[in-house]
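Text of target_1.txt, listed as compact mmCIF, C-alpha atoms and all ligand atoms:
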# COMPACT_ATOMS: atom_id res chain seq x y z
CA MET K 1389 -101.17 -126.06 -234.46
CA LYS K 1390 -101.72 -125.88 -230.73
CA TYR K 1391 -104.62 -127.43 -228.84
CA PHE K 1392 -106.43 -126.17 -225.79
CA SER K 1393 -108.80 -127.70 -223.27
CA THR K 1394 -112.48 -126.81 -223.42
CA LYS K 1395 -112.10 -126.01 -219.72
CA ASN K 1396 -109.08 -123.73 -219.99
CA LYS K 1397 -108.12 -121.69 -223.02
CA ILE K 1398 -104.89 -120.39 -221.56
CA VAL K 1399 -102.68 -123.44 -221.58
CA ALA K 1400 -101.72 -124.68 -225.05
CA TYR K 1401 -100.65 -128.24 -225.85
CA SER K 1402 -98.74 -129.68 -228.78
CA LEU K 1403 -100.26 -132.21 -231.16
CA GLU K 1404 -98.22 -134.95 -229.55
CA GLU K 1405 -99.47 -134.02 -226.10
CA ALA K 1406 -103.08 -133.74 -227.22
CA VAL K 1407 -103.10 -137.05 -229.06
CA LEU K 1408 -101.08 -139.11 -226.62
CA MET K 1409 -102.74 -137.67 -223.50
CA SER K 1410 -106.21 -137.85 -225.09
CA LEU K 1411 -107.69 -135.87 -222.22
CA PRO K 1412 -106.21 -132.70 -220.74
CA PRO K 1413 -105.43 -132.86 -216.99
CA ASP K 1414 -108.44 -130.67 -216.20
CA ASN K 1415 -110.76 -133.33 -217.65
CA GLY K 1416 -111.94 -131.08 -220.47
CA LEU K 1417 -111.56 -132.01 -224.14
CA PHE K 1418 -108.86 -130.94 -226.56
CA MET K 1419 -109.76 -128.62 -229.42
CA PRO K 1420 -107.53 -127.00 -232.05
CA GLU K 1421 -106.79 -123.41 -230.99
CA LYS K 1422 -108.27 -122.25 -234.28
CA ILE K 1423 -110.27 -123.89 -237.02
CA PRO K 1424 -109.00 -122.29 -240.20
CA GLN K 1425 -111.04 -122.06 -243.36
CA LEU K 1426 -109.82 -124.21 -246.22
CA ARG K 1427 -108.62 -122.35 -249.29
CA PRO K 1428 -111.71 -121.15 -251.25
CA GLU K 1429 -110.23 -122.54 -254.49
CA PHE K 1430 -109.96 -125.94 -252.83
CA ILE K 1431 -113.67 -125.91 -252.01
CA ALA K 1432 -114.57 -124.50 -255.43
CA ASN K 1433 -112.62 -127.29 -257.13
CA LEU K 1434 -113.70 -130.14 -254.89
CA LYS K 1435 -114.75 -132.10 -257.94
CA ASN K 1436 -111.09 -132.79 -258.69
CA GLU K 1437 -110.40 -134.27 -255.26
CA ASN K 1438 -110.92 -137.67 -253.68
CA VAL K 1439 -111.25 -138.97 -250.12
CA ALA K 1440 -107.51 -139.24 -249.52
CA SER K 1441 -106.67 -135.85 -251.02
CA ILE K 1442 -109.46 -134.18 -249.03
CA GLY K 1443 -108.15 -135.92 -245.93
CA TYR K 1444 -104.69 -134.56 -246.62
CA GLU K 1445 -105.91 -130.99 -247.08
CA ILE K 1446 -108.00 -131.08 -243.90
CA SER K 1447 -105.42 -132.75 -241.70
CA LYS K 1448 -102.64 -130.47 -242.95
CA THR K 1449 -104.85 -127.54 -241.97
CA LEU K 1450 -105.85 -128.85 -238.55
CA LEU K 1451 -102.58 -130.55 -237.55
CA GLY K 1452 -100.21 -127.92 -238.94
CA ASP K 1453 -96.58 -128.87 -239.40
CA ASP K 1454 -96.19 -131.28 -236.49
CA ILE K 1455 -96.27 -134.21 -238.87
CA PRO K 1456 -94.12 -133.77 -241.99
CA HIS K 1457 -96.38 -133.32 -244.99
CA ASP K 1458 -95.02 -136.30 -246.89
CA VAL K 1459 -95.73 -138.51 -243.85
CA LEU K 1460 -99.21 -137.05 -243.53
CA LYS K 1461 -99.93 -137.69 -247.18
CA LYS K 1462 -98.93 -141.32 -246.77
CA ILE K 1463 -101.09 -141.65 -243.64
CA CYS K 1464 -104.10 -140.25 -245.53
CA ASN K 1465 -103.55 -142.50 -248.54
CA GLU K 1466 -103.47 -145.53 -246.27
CA ALA K 1467 -106.27 -144.49 -243.93
CA PHE K 1468 -108.78 -143.27 -246.52
CA SER K 1469 -108.46 -146.16 -248.91
CA PHE K 1470 -112.16 -147.01 -249.30
CA PRO K 1471 -115.03 -145.14 -250.97
CA VAL K 1472 -117.84 -142.98 -249.61
CA ASN K 1473 -120.92 -143.77 -251.68
CA VAL K 1474 -123.79 -141.35 -252.02
CA VAL K 1475 -127.04 -143.02 -253.05
CA ASN K 1476 -130.15 -141.16 -254.17
CA VAL K 1477 -132.96 -143.02 -252.43
CA HIS K 1478 -135.84 -140.77 -253.38
CA ASN K 1479 -136.26 -137.19 -254.65
CA ASN K 1480 -134.29 -134.94 -252.25
CA THR K 1481 -133.25 -137.84 -250.06
CA TYR K 1482 -129.69 -139.12 -250.23
CA VAL K 1483 -127.94 -141.72 -248.14
CA CYS K 1484 -124.23 -141.31 -247.64
CA GLU K 1485 -122.76 -144.76 -247.05
CA LEU K 1486 -119.86 -144.55 -244.64
CA PHE K 1487 -119.54 -148.30 -244.13
CA HIS K 1488 -117.23 -149.40 -246.92
CA GLY K 1489 -114.16 -149.70 -244.68
CA PRO K 1490 -112.76 -152.96 -243.28
CA THR K 1491 -115.12 -153.21 -240.26
CA LEU K 1492 -118.17 -151.92 -242.15
CA ALA K 1493 -118.82 -148.91 -239.92
CA PHE K 1494 -117.94 -145.23 -240.25
CA LYS K 1495 -115.61 -145.53 -237.28
CA ASP K 1496 -113.01 -146.92 -239.66
CA PHE K 1497 -112.34 -143.33 -240.79
CA GLY K 1498 -111.33 -142.22 -237.32
CA ALA K 1499 -109.58 -145.38 -236.20
CA ARG K 1500 -107.44 -145.89 -239.29
CA PHE K 1501 -106.23 -142.30 -239.26
CA MET K 1502 -105.69 -142.13 -235.53
CA SER K 1503 -103.72 -145.37 -235.31
CA ARG K 1504 -101.28 -144.15 -237.91
CA VAL K 1505 -100.93 -140.70 -236.33
CA MET K 1506 -100.34 -142.26 -232.91
CA SER K 1507 -97.82 -144.68 -234.26
CA TYR K 1508 -95.92 -141.78 -235.84
CA LEU K 1509 -96.05 -139.64 -232.67
CA ASN K 1510 -94.93 -142.61 -230.59
CA ARG K 1511 -91.99 -143.48 -232.82
CA LYS K 1512 -89.27 -142.20 -230.47
CA HIS K 1513 -90.55 -143.89 -227.31
CA THR K 1514 -89.21 -147.17 -226.08
CA THR K 1515 -92.03 -148.03 -223.64
CA PRO K 1516 -95.25 -149.17 -225.31
CA LEU K 1517 -98.32 -147.00 -225.47
CA THR K 1518 -101.40 -148.60 -223.93
CA ILE K 1519 -104.70 -147.65 -225.49
CA LEU K 1520 -107.85 -147.98 -223.40
CA VAL K 1521 -111.09 -147.78 -225.28
CA ALA K 1522 -114.73 -148.23 -224.32
CA THR K 1523 -117.06 -149.36 -227.05
CA SER K 1524 -120.79 -149.53 -227.56
CA GLY K 1525 -120.09 -151.81 -230.51
CA ASP K 1526 -118.45 -150.33 -233.57
CA THR K 1527 -115.57 -148.38 -232.06
CA GLY K 1528 -114.00 -151.54 -230.71
CA GLY K 1529 -113.96 -153.31 -234.05
CA ALA K 1530 -112.61 -150.30 -235.90
CA VAL K 1531 -109.94 -149.69 -233.25
CA ALA K 1532 -108.99 -153.38 -233.15
CA ASP K 1533 -108.59 -153.38 -236.91
CA GLY K 1534 -106.82 -150.02 -237.06
CA PHE K 1535 -104.25 -150.90 -234.39
CA HIS K 1536 -103.80 -154.59 -235.00
CA ASN K 1537 -100.06 -155.38 -235.08
CA VAL K 1538 -99.11 -151.69 -234.86
CA GLU K 1539 -95.73 -151.76 -233.21
CA GLY K 1540 -95.30 -150.28 -229.74
CA ILE K 1541 -99.04 -150.12 -229.04
CA GLU K 1542 -101.16 -152.39 -226.82
CA VAL K 1543 -104.95 -152.03 -226.92
CA TYR K 1544 -107.55 -152.89 -224.26
CA ILE K 1545 -111.14 -152.78 -225.48
CA LEU K 1546 -113.93 -152.62 -222.87
CA TYR K 1547 -117.40 -153.58 -224.05
CA PRO K 1548 -120.76 -154.13 -222.30
CA SER K 1549 -121.56 -157.81 -221.89
CA GLY K 1550 -124.63 -158.60 -223.96
CA GLY K 1551 -124.71 -155.01 -225.25
CA VAL K 1552 -123.19 -155.61 -228.67
CA SER K 1553 -124.30 -157.84 -231.55
CA GLU K 1554 -122.77 -161.27 -232.01
CA LEU K 1555 -120.76 -160.24 -235.05
CA GLN K 1556 -119.64 -157.02 -233.37
CA GLU K 1557 -118.39 -159.07 -230.46
CA LYS K 1558 -116.42 -161.27 -232.84
CA GLN K 1559 -114.86 -158.15 -234.33
CA LEU K 1560 -113.64 -157.15 -230.87
CA THR K 1561 -112.49 -160.45 -229.53
CA THR K 1562 -110.78 -162.31 -232.37
CA TYR K 1563 -107.80 -160.19 -233.43
CA GLY K 1564 -105.35 -161.34 -230.77
CA ASN K 1565 -101.70 -160.29 -230.45
CA ASN K 1566 -101.70 -156.65 -229.23
CA ILE K 1567 -105.52 -156.41 -229.10
CA HIS K 1568 -107.14 -157.44 -225.78
CA ALA K 1569 -110.90 -157.55 -225.20
CA ILE K 1570 -112.49 -157.02 -221.76
CA GLU K 1571 -116.14 -157.97 -221.36
CA VAL K 1572 -117.71 -155.78 -218.66
CA LYS K 1573 -120.82 -156.78 -216.74
CA GLY K 1574 -122.49 -153.40 -217.18
CA THR K 1575 -123.54 -150.79 -219.72
CA PHE K 1576 -121.52 -148.80 -222.22
CA ASP K 1577 -121.61 -145.85 -219.82
CA ASP K 1578 -119.99 -148.09 -217.18
CA CYS K 1579 -117.23 -149.01 -219.64
CA GLN K 1580 -116.71 -145.37 -220.53
CA HIS K 1581 -116.59 -144.46 -216.86
CA LEU K 1582 -113.98 -147.14 -216.09
CA VAL K 1583 -111.77 -145.81 -218.86
CA LYS K 1584 -112.19 -142.22 -217.73
CA GLN K 1585 -111.25 -143.15 -214.16
CA ALA K 1586 -108.19 -145.06 -215.31
CA PHE K 1587 -106.88 -141.97 -217.10
CA LEU K 1588 -107.17 -139.95 -213.93
CA ASP K 1589 -105.50 -142.61 -211.75
CA PRO K 1590 -101.94 -141.62 -210.77
CA LYS K 1591 -100.92 -145.20 -209.93
CA LEU K 1592 -101.90 -146.53 -213.35
CA ASN K 1593 -100.26 -143.58 -215.04
CA ASP K 1594 -97.05 -144.45 -213.21
CA VAL K 1595 -96.99 -147.93 -214.62
CA TYR K 1596 -98.53 -147.37 -218.04
CA ARG K 1597 -98.30 -144.78 -220.77
CA LEU K 1598 -102.04 -144.55 -221.33
CA ALA K 1599 -103.84 -143.17 -224.35
CA SER K 1600 -107.46 -143.20 -225.47
CA ALA K 1601 -109.00 -144.18 -228.77
CA ASN K 1602 -112.50 -143.00 -227.98
CA SER K 1603 -114.00 -140.18 -229.96
CA ILE K 1604 -112.71 -137.87 -227.25
CA ASN K 1605 -109.30 -138.21 -228.93
CA ILE K 1606 -108.78 -135.29 -231.28
CA ALA K 1607 -106.97 -137.54 -233.79
CA ARG K 1608 -110.16 -139.53 -234.22
CA LEU K 1609 -112.39 -136.53 -234.57
CA ILE K 1610 -110.43 -134.70 -237.25
CA PRO K 1611 -110.60 -137.43 -239.94
CA GLN K 1612 -114.37 -137.56 -239.56
CA THR K 1613 -114.67 -134.12 -241.16
CA VAL K 1614 -113.35 -135.67 -244.37
CA TYR K 1615 -116.47 -137.52 -245.47
CA TYR K 1616 -118.65 -134.44 -245.13
CA PHE K 1617 -116.58 -132.84 -247.88
CA GLU K 1618 -116.55 -136.05 -249.90
CA ALA K 1619 -120.34 -136.44 -249.66
CA PHE K 1620 -120.82 -132.82 -250.65
CA ARG K 1621 -118.44 -133.28 -253.58
CA LYS K 1622 -120.58 -136.10 -254.89
CA LEU K 1623 -123.91 -134.25 -254.75
CA ALA K 1624 -125.29 -132.97 -258.02
CA SER K 1625 -126.92 -129.96 -256.40
CA LYS K 1626 -125.08 -128.06 -253.66
CA GLU K 1627 -127.92 -125.81 -252.44
CA ASN K 1628 -129.70 -126.24 -249.10
CA VAL K 1629 -127.67 -129.27 -248.09
CA VAL K 1630 -128.64 -130.71 -244.71
CA PHE K 1631 -126.62 -133.44 -243.03
CA VAL K 1632 -128.62 -135.83 -240.91
CA VAL K 1633 -126.48 -137.53 -238.30
CA PRO K 1634 -127.44 -140.58 -236.23
CA SER K 1635 -125.84 -139.67 -232.92
CA GLY K 1636 -124.58 -141.23 -229.71
CA ASN K 1637 -121.42 -139.59 -228.42
CA PHE K 1638 -121.78 -136.85 -231.04
CA GLY K 1639 -118.28 -137.17 -232.48
CA ASN K 1640 -119.77 -137.57 -235.92
CA LEU K 1641 -121.91 -134.44 -235.66
CA THR K 1642 -119.08 -132.43 -234.05
CA ALA K 1643 -116.90 -133.30 -237.04
CA GLY K 1644 -119.64 -131.98 -239.32
CA LEU K 1645 -119.71 -128.71 -237.39
CA ILE K 1646 -115.94 -128.46 -237.85
CA ALA K 1647 -116.32 -129.14 -241.59
CA ARG K 1648 -118.75 -126.26 -241.81
CA LYS K 1649 -116.39 -123.97 -239.88
CA MET K 1650 -113.71 -124.89 -242.40
CA GLY K 1651 -115.90 -123.56 -245.18
CA LEU K 1652 -118.21 -126.39 -246.27
CA PRO K 1653 -121.48 -124.68 -247.25
CA VAL K 1654 -123.89 -126.74 -245.14
CA GLU K 1655 -127.33 -125.25 -244.56
CA HIS K 1656 -128.26 -127.16 -241.43
CA PHE K 1657 -127.66 -130.25 -239.31
CA VAL K 1658 -130.13 -132.73 -237.92
CA ALA K 1659 -129.16 -134.69 -234.81
CA ALA K 1660 -131.15 -137.91 -234.68
CA THR K 1661 -131.05 -140.12 -231.61
CA ASN K 1662 -132.86 -143.16 -230.29
CA ILE K 1663 -134.65 -142.78 -226.94
CA ASN K 1664 -131.33 -141.69 -225.40
CA ASN K 1665 -132.29 -138.13 -226.19
CA VAL K 1666 -130.20 -135.90 -223.94
CA VAL K 1667 -129.11 -133.62 -226.79
CA PRO K 1668 -132.47 -133.27 -228.61
CA GLU K 1669 -133.91 -132.43 -225.20
CA TYR K 1670 -131.20 -129.81 -224.67
CA LEU K 1671 -131.95 -128.31 -228.06
CA SER K 1672 -135.63 -127.97 -227.28
CA LYS K 1673 -135.49 -127.00 -223.60
CA GLY K 1674 -132.04 -125.56 -223.03
CA GLU K 1675 -131.37 -127.98 -220.21
CA TYR K 1676 -128.69 -130.62 -220.37
CA THR K 1677 -129.55 -133.59 -218.18
CA PRO K 1678 -127.21 -136.57 -218.57
CA ARG K 1679 -128.65 -139.85 -217.33
CA PRO K 1680 -127.99 -143.58 -217.58
CA SER K 1681 -128.35 -144.95 -221.10
CA GLN K 1682 -131.17 -147.26 -222.14
CA ALA K 1683 -130.69 -150.23 -224.46
CA THR K 1684 -132.08 -149.99 -228.00
CA ILE K 1685 -131.64 -151.75 -231.36
CA SER K 1686 -129.40 -148.88 -232.50
CA ASN K 1687 -127.00 -149.79 -229.72
CA ALA K 1688 -124.01 -147.78 -230.93
CA MET K 1689 -126.06 -144.74 -229.93
CA ASP K 1690 -127.03 -145.91 -226.45
CA VAL K 1691 -125.28 -143.04 -224.73
CA GLY K 1692 -126.64 -141.16 -221.75
CA ASN K 1693 -123.92 -138.53 -221.43
CA PRO K 1694 -122.48 -137.78 -224.88
CA SER K 1695 -118.74 -137.28 -224.55
CA ASN K 1696 -118.42 -134.68 -227.30
CA PHE K 1697 -121.09 -132.36 -225.96
CA PRO K 1698 -118.55 -129.92 -224.44
CA ARG K 1699 -116.98 -129.56 -227.89
CA MET K 1700 -120.34 -128.76 -229.46
CA ILE K 1701 -120.99 -126.12 -226.82
CA GLU K 1702 -117.51 -124.72 -227.42
CA LEU K 1703 -118.08 -124.51 -231.19
CA PHE K 1704 -121.16 -122.39 -230.54
CA GLY K 1705 -119.44 -120.18 -228.01
CA ASN K 1706 -121.67 -121.55 -225.23
CA SER K 1707 -124.76 -120.18 -226.93
CA TRP K 1708 -127.81 -122.40 -226.80
CA THR K 1709 -129.66 -120.17 -229.27
CA ASP K 1710 -126.80 -120.41 -231.78
CA MET K 1711 -126.72 -124.18 -231.49
CA LYS K 1712 -130.47 -124.33 -231.90
CA SER K 1713 -130.33 -122.26 -235.06
CA SER K 1714 -127.87 -124.74 -236.66
CA ILE K 1715 -129.10 -128.10 -235.39
CA ASN K 1716 -132.54 -129.68 -235.14
CA GLY K 1717 -132.77 -132.61 -232.73
CA TYR K 1718 -135.21 -135.52 -232.85
CA SER K 1719 -135.44 -138.82 -231.03
CA PHE K 1720 -137.22 -142.04 -231.98
CA SER K 1721 -138.31 -145.32 -230.47
CA ASP K 1722 -137.27 -148.81 -231.57
CA ASP K 1723 -140.75 -149.42 -232.98
CA GLU K 1724 -140.51 -146.36 -235.19
CA THR K 1725 -137.03 -147.45 -236.25
CA LYS K 1726 -138.19 -150.92 -237.28
CA GLU K 1727 -141.14 -149.50 -239.12
CA ILE K 1728 -139.07 -147.10 -241.20
CA MET K 1729 -136.59 -149.85 -242.12
CA LYS K 1730 -139.48 -151.86 -243.52
CA ASP K 1731 -141.04 -148.85 -245.18
CA VAL K 1732 -137.92 -147.65 -246.95
CA TYR K 1733 -137.15 -151.16 -248.13
CA GLU K 1734 -140.66 -151.70 -249.47
CA LYS K 1735 -140.98 -148.30 -251.11
CA PHE K 1736 -137.46 -147.79 -252.47
CA GLY K 1737 -135.67 -151.12 -252.15
CA TYR K 1738 -133.02 -149.59 -249.90
CA ILE K 1739 -131.90 -151.45 -246.76
CA LEU K 1740 -131.06 -149.21 -243.81
CA ASP K 1741 -129.32 -150.36 -240.65
CA PRO K 1742 -131.02 -149.33 -237.36
CA HIS K 1743 -128.71 -146.29 -236.92
CA GLY K 1744 -129.24 -145.03 -240.44
CA ALA K 1745 -132.94 -145.68 -239.92
CA VAL K 1746 -133.02 -143.34 -236.91
CA ALA K 1747 -131.39 -140.70 -239.10
CA TYR K 1748 -133.89 -141.35 -241.87
CA LEU K 1749 -136.69 -140.62 -239.39
CA GLY K 1750 -134.91 -137.42 -238.38
CA TRP K 1751 -134.81 -136.36 -241.99
CA LEU K 1752 -138.54 -137.03 -242.50
CA ALA K 1753 -139.33 -134.96 -239.41
CA TYR K 1754 -137.12 -132.10 -240.59
CA GLN K 1755 -138.41 -132.26 -244.14
CA ILE K 1756 -141.97 -131.49 -243.11
CA GLU K 1757 -141.02 -127.88 -242.41
CA ASN K 1758 -138.18 -127.71 -244.92
CA PRO K 1759 -139.41 -129.33 -248.12
CA ASP K 1760 -136.78 -127.68 -250.33
CA SER K 1761 -133.77 -128.98 -248.46
CA ILE K 1762 -131.55 -131.75 -249.73
CA GLY K 1763 -131.07 -134.35 -247.04
CA VAL K 1764 -127.87 -136.33 -246.75
CA ILE K 1765 -128.46 -139.13 -244.27
CA LEU K 1766 -125.25 -140.55 -242.87
CA GLU K 1767 -125.53 -144.34 -242.94
CA THR K 1768 -122.99 -145.28 -240.31
CA ALA K 1769 -122.99 -149.09 -240.47
CA HIS K 1770 -123.62 -151.82 -243.01
CA PRO K 1771 -127.07 -153.35 -242.32
CA ALA K 1772 -125.53 -156.81 -242.02
CA LYS K 1773 -123.71 -155.67 -238.86
CA PHE K 1774 -127.14 -155.55 -237.25
CA GLY K 1775 -128.49 -158.42 -239.30
CA ASP K 1776 -130.88 -159.76 -236.66
CA SER K 1777 -132.81 -156.52 -236.18
CA VAL K 1778 -132.78 -155.74 -239.87
CA GLU K 1779 -134.03 -159.18 -240.91
CA LYS K 1780 -136.80 -159.04 -238.31
CA ALA K 1781 -137.90 -155.60 -239.47
CA LEU K 1782 -137.82 -156.50 -243.16
CA GLY K 1783 -139.18 -160.00 -242.77
CA ARG K 1784 -136.51 -161.44 -245.07
CA LYS K 1785 -132.90 -162.59 -244.99
CA ILE K 1786 -130.20 -160.14 -246.05
CA ASP K 1787 -126.80 -160.81 -247.60
CA ILE K 1788 -123.85 -160.96 -245.23
CA PRO K 1789 -120.62 -159.59 -246.71
CA GLU K 1790 -117.59 -161.86 -246.68
CA ALA K 1791 -115.76 -159.61 -244.17
CA LEU K 1792 -118.41 -160.50 -241.56
CA GLU K 1793 -119.24 -164.03 -242.60
CA CYS K 1794 -115.70 -165.25 -242.01
CA LEU K 1795 -115.85 -164.03 -238.37
CA ARG K 1796 -118.52 -166.54 -237.42
CA ASN K 1797 -116.11 -169.41 -237.04
CA LYS K 1798 -113.47 -167.49 -235.13
CA LYS K 1799 -113.09 -168.06 -231.43
CA LYS K 1800 -113.94 -165.28 -228.96
CA VAL K 1801 -111.16 -164.45 -226.50
CA ALA K 1802 -112.04 -161.99 -223.72
CA ASP K 1803 -111.49 -161.39 -220.02
CA PHE K 1804 -114.59 -160.83 -217.91
CA ILE K 1805 -114.86 -158.17 -215.19
CA GLN K 1806 -117.57 -156.50 -213.11
CA ALA K 1807 -118.28 -152.81 -213.70
CA ASP K 1808 -116.05 -152.03 -210.75
CA TYR K 1809 -113.12 -149.66 -210.95
CA GLU K 1810 -110.96 -151.45 -208.36
CA GLU K 1811 -111.35 -154.72 -210.24
CA PHE K 1812 -110.42 -153.09 -213.53
CA LYS K 1813 -107.40 -151.42 -211.98
CA ALA K 1814 -106.23 -154.65 -210.37
CA PHE K 1815 -106.63 -156.40 -213.71
CA LEU K 1816 -104.43 -153.86 -215.47
CA LEU K 1817 -101.82 -153.84 -212.71
CA ALA K 1818 -101.65 -157.64 -212.76
CA LYS K 1819 -100.83 -157.48 -216.48
CA LYS K 1820 -97.70 -155.51 -215.63
CA ARG K 1821 -96.33 -158.01 -213.13
C1 LIG K 1901 -120.63 -144.87 -233.09
C2 LIG K 1901 -121.81 -144.99 -233.96
C3 LIG K 1901 -122.78 -144.00 -234.02
C4 LIG K 1901 -122.72 -142.77 -233.14
O1 LIG K 1901 -121.67 -141.92 -233.51
P1 LIG K 1901 -121.21 -140.77 -232.50
O2 LIG K 1901 -120.06 -140.12 -233.16
O3 LIG K 1901 -120.84 -141.43 -231.22
O4 LIG K 1901 -122.38 -139.85 -232.34
C5 LIG K 1901 -123.83 -144.15 -234.90
N1 LIG K 1901 -123.94 -145.25 -235.67
C6 LIG K 1901 -123.04 -146.24 -235.63
C7 LIG K 1901 -123.24 -147.43 -236.49
C8 LIG K 1901 -121.94 -146.14 -234.79
O5 LIG K 1901 -121.05 -147.13 -234.76
Could you render the structure from this file as structure tokens?
Amino acid sequence: MKYFSTKNKIVAYSLEEAVLMSLPPDNGLFMPEKIPQLRPEFIANLKNENVASIGYEISKTLLGDDIPHDVLKKICNEAFSFPVNVVNVHNNTYVCELFHGPTLAFKDFGARFMSRVMSYLNRKHTTPLTILVATSGDTGGAVADGFHNVEGIEVYILYPSGGVSELQEKQLTTYGNNIHAIEVKGTFDDCQHLVKQAFLDPKLNDVYRLASANSINIARLIPQTVYYFEAFRKLASKENVVFVVPSGNFGNLTAGLIARKMGLPVEHFVAATNINNVVPEYLSKGEYTPRPSQATISNAMDVGNPSNFPRMIELFGNSWTDMKSSINGYSFSDDETKEIMKDVYEKFGYILDPHGAVAYLGWLAYQIENPDSIGVILETAHPAKFGDSVEKALGRKIDIPEALECLRNKKKVADFIQADYEEFKAFLLAKKR
């Protein structure tokens, strides 16, 4: 498989180039040159598959022969080693729990697969690969876990000071060894901007072999298509299936669009955001107006300029009307989010996290006009990751899983910088001396 930039379809790149460069030189985003359909008999017989075998089929199709198939199979078995649970909350309403991986967020799918693919592609190099990643919370933890102790790879995680939950911060700052945390006095958008600038900086690229682990990396996007198939496989009824996606950078939703292109019979998508509503606004008005992000309780979605938007546009051939006919967009306030968490808990005994709660609201809004649809709400994080907000909304304590509880006593280690590119650059250059 070859990959092209969303800004230039003429030049083709290899898998190794696309994954290790992360961004093409023209500052577009890599996409596979084609998105083939999966074999119809594979889709017809999904019931016989599992997460790892679906992952293998999808990645074989989208990565081609650049990774030997036995290696790819092993990567998928290791990466997709935890379940996707589909829970029927009420009538046509299902929650697809994507948080059963090691860091309790759906980003484990992308990070675990990508780290192994990168490690394979990097195997012949003697200089280390340096991963720069900006996080609004969950990416950092998943990337730290996925890359921890992976040979030949150093990771720098930039996160907004005060912008992530206490336990999220512990997940970023306590791994040590090849995982380095940088606390930035600024927003997630600032962090993302610093990383983007670093990739375009010739001086840094002289000294470092830089790669990205953000959802702009194609090796993180591809494995996210897997759970759409797995969720679908687990549904009793396969008619009128609508995926409802709590969205920030829109990697999750983009992966769903790719799953559908590969033959998954999805009726419709719902993009649910918090008040950072650039994409719902685009869907309703046809105007795309990026702006600074605003802080909310669903902080992993506090994104003012979603990085995967050019891929979404690309998948719809630049047609706003086509995108509109496949995706409904809705945005919700923190108050509405808290209220629905309480409501769903009181009515059905199900505990949503704030991100899943935003999606739940999106589903309710969509359902009004589409009562016969089956809604699959992607629950992207375990509620205990956002324990404070959830406990306040529910008015009761919730159980904290062991994987999080044991972080409390670990010591945070992070460097602190201003949201200033020259300071960031000097910091990285000093590391090389
Ligand atoms: C990252 C994240 C999101 C947003 O996903 P995108 O792919 O950036 O749209 C939603 N919920 C949680 C819990 C996340 O960590």
- Note on the structure: One residue among K:Thr1518, K:Thr1523, K:Asn1628, K:Asn1687 is nearest to K:Ser1600 when using all atoms listed in the file, and that residue is K:Thr1518
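Nearest-residue note for K:Ile1610: choosing from K:Arg1500, K:Lys1819, K:Arg1427, K:Lys1435, the minimum distance belongs to K:Arg1500, counting only C-alpha atoms.
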- Query: So which residues are near ligand LIG 1901 (chain K), meaning at most 7 Å away with all atoms listed in the file counted, given back as a PyMOL selection string?
  - Reply: chain K and resi 1493-1495+1525-1527+1603+1634-1641+1688-1689+1743+1768-1769
Neighbours of point (-124.6, -153.0, -224.5) within 8 Å, using only C-alpha atoms, written as a PDB file with C-alpha atoms, keeping the file's coordinate frame:
ATOM      1  CA  SER K1524    -120.790-149.530-227.560  1.00  0.00           C
ATOM      2  CA  GLY K1525    -120.090-151.810-230.510  1.00  0.00           C
ATOM      3  CA  TYR K1547    -117.400-153.580-224.050  1.00  0.00           C
ATOM      4  CA  PRO K1548    -120.760-154.130-222.300  1.00  0.00           C
ATOM      5  CA  SER K1549    -121.560-157.810-221.890  1.00  0.00           C
ATOM      6  CA  GLY K1550    -124.630-158.600-223.960  1.00  0.00           C
ATOM      7  CA  GLY K1551    -124.710-155.010-225.250  1.00  0.00           C
ATOM      8  CA  VAL K1552    -123.190-155.610-228.670  1.00  0.00           C
ATOM      9  CA  GLY K1574    -122.490-153.400-217.180  1.00  0.00           C
ATOM     10  CA  THR K1575    -123.540-150.790-219.720  1.00  0.00           C
ATOM     11  CA  PHE K1576    -121.520-148.800-222.220  1.00  0.00           C
ATOM     12  CA  ALA K1683    -130.690-150.230-224.460  1.00  0.00           C
ATOM     13  CA  ASN K1687    -127.000-149.790-229.720  1.00  0.00           C
ATOM     14  CA  ASP K1690    -127.030-145.910-226.450  1.00  0.00           C
TER      15      ASP K1690
END
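Note that the spacing between atom CA of K:Leu1766 and atom CA of K:Ser1507 amounts to 29.0 Å.
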- Item | Nearest candidate to K:Ile1715 (options K:Phe1631, K:Tyr1738, K:Phe1535, K:Phe1617; using all atoms listed in the file) | K:Phe1631
Return as JSON the centre and edge lengths, in Å with one decimal, of the box along x, y and z that encloses every atom of stretch 1740-1753 of chain K in the file, padded by 5 Å per side.
{"center_x": -134.0, "center_y": -142.7, "center_z": -240.4, "size_x": 20.6, "size_y": 25.4, "size_z": 16.9}
- Task: Would you mind telling me which residue in K:Cys1464, K:Val1746, K:Val1475, K:Ile1756 lies nearest to K:Ser1441 when using all atoms listed in the file?
- Result: K:Cys1464
- Message: Please determine, counting only C-alpha atoms, which residue among K:Ala1586, K:Val1630, K:Leu1417, K:Met1506 has the shortest atom-to-atom distance to K:Ser1761.
- Response: K:Val1630
For a cut-off of 7 Å around (-115.6, -153.1, -215.4), file coordinates, pick out all residues using all atoms listed in the file and list them as a CSV table (one decimal) with C-alpha atoms, keeping the file's coordinate frame.
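The new file part-v7.csv reads:
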chain,number,residue,atom,x,y,z
K,1572,VAL,CA,-117.7,-155.8,-218.7
K,1573,LYS,CA,-120.8,-156.8,-216.7
K,1578,ASP,CA,-120.0,-148.1,-217.2
K,1579,CYS,CA,-117.2,-149.0,-219.6
K,1582,LEU,CA,-114.0,-147.1,-216.1
K,1805,ILE,CA,-114.9,-158.2,-215.2
K,1806,GLN,CA,-117.6,-156.5,-213.1
K,1807,ALA,CA,-118.3,-152.8,-213.7
K,1808,ASP,CA,-116.0,-152.0,-210.8
K,1809,TYR,CA,-113.1,-149.7,-211.0
K,1811,GLU,CA,-111.4,-154.7,-210.2
K,1812,PHE,CA,-110.4,-153.1,-213.5
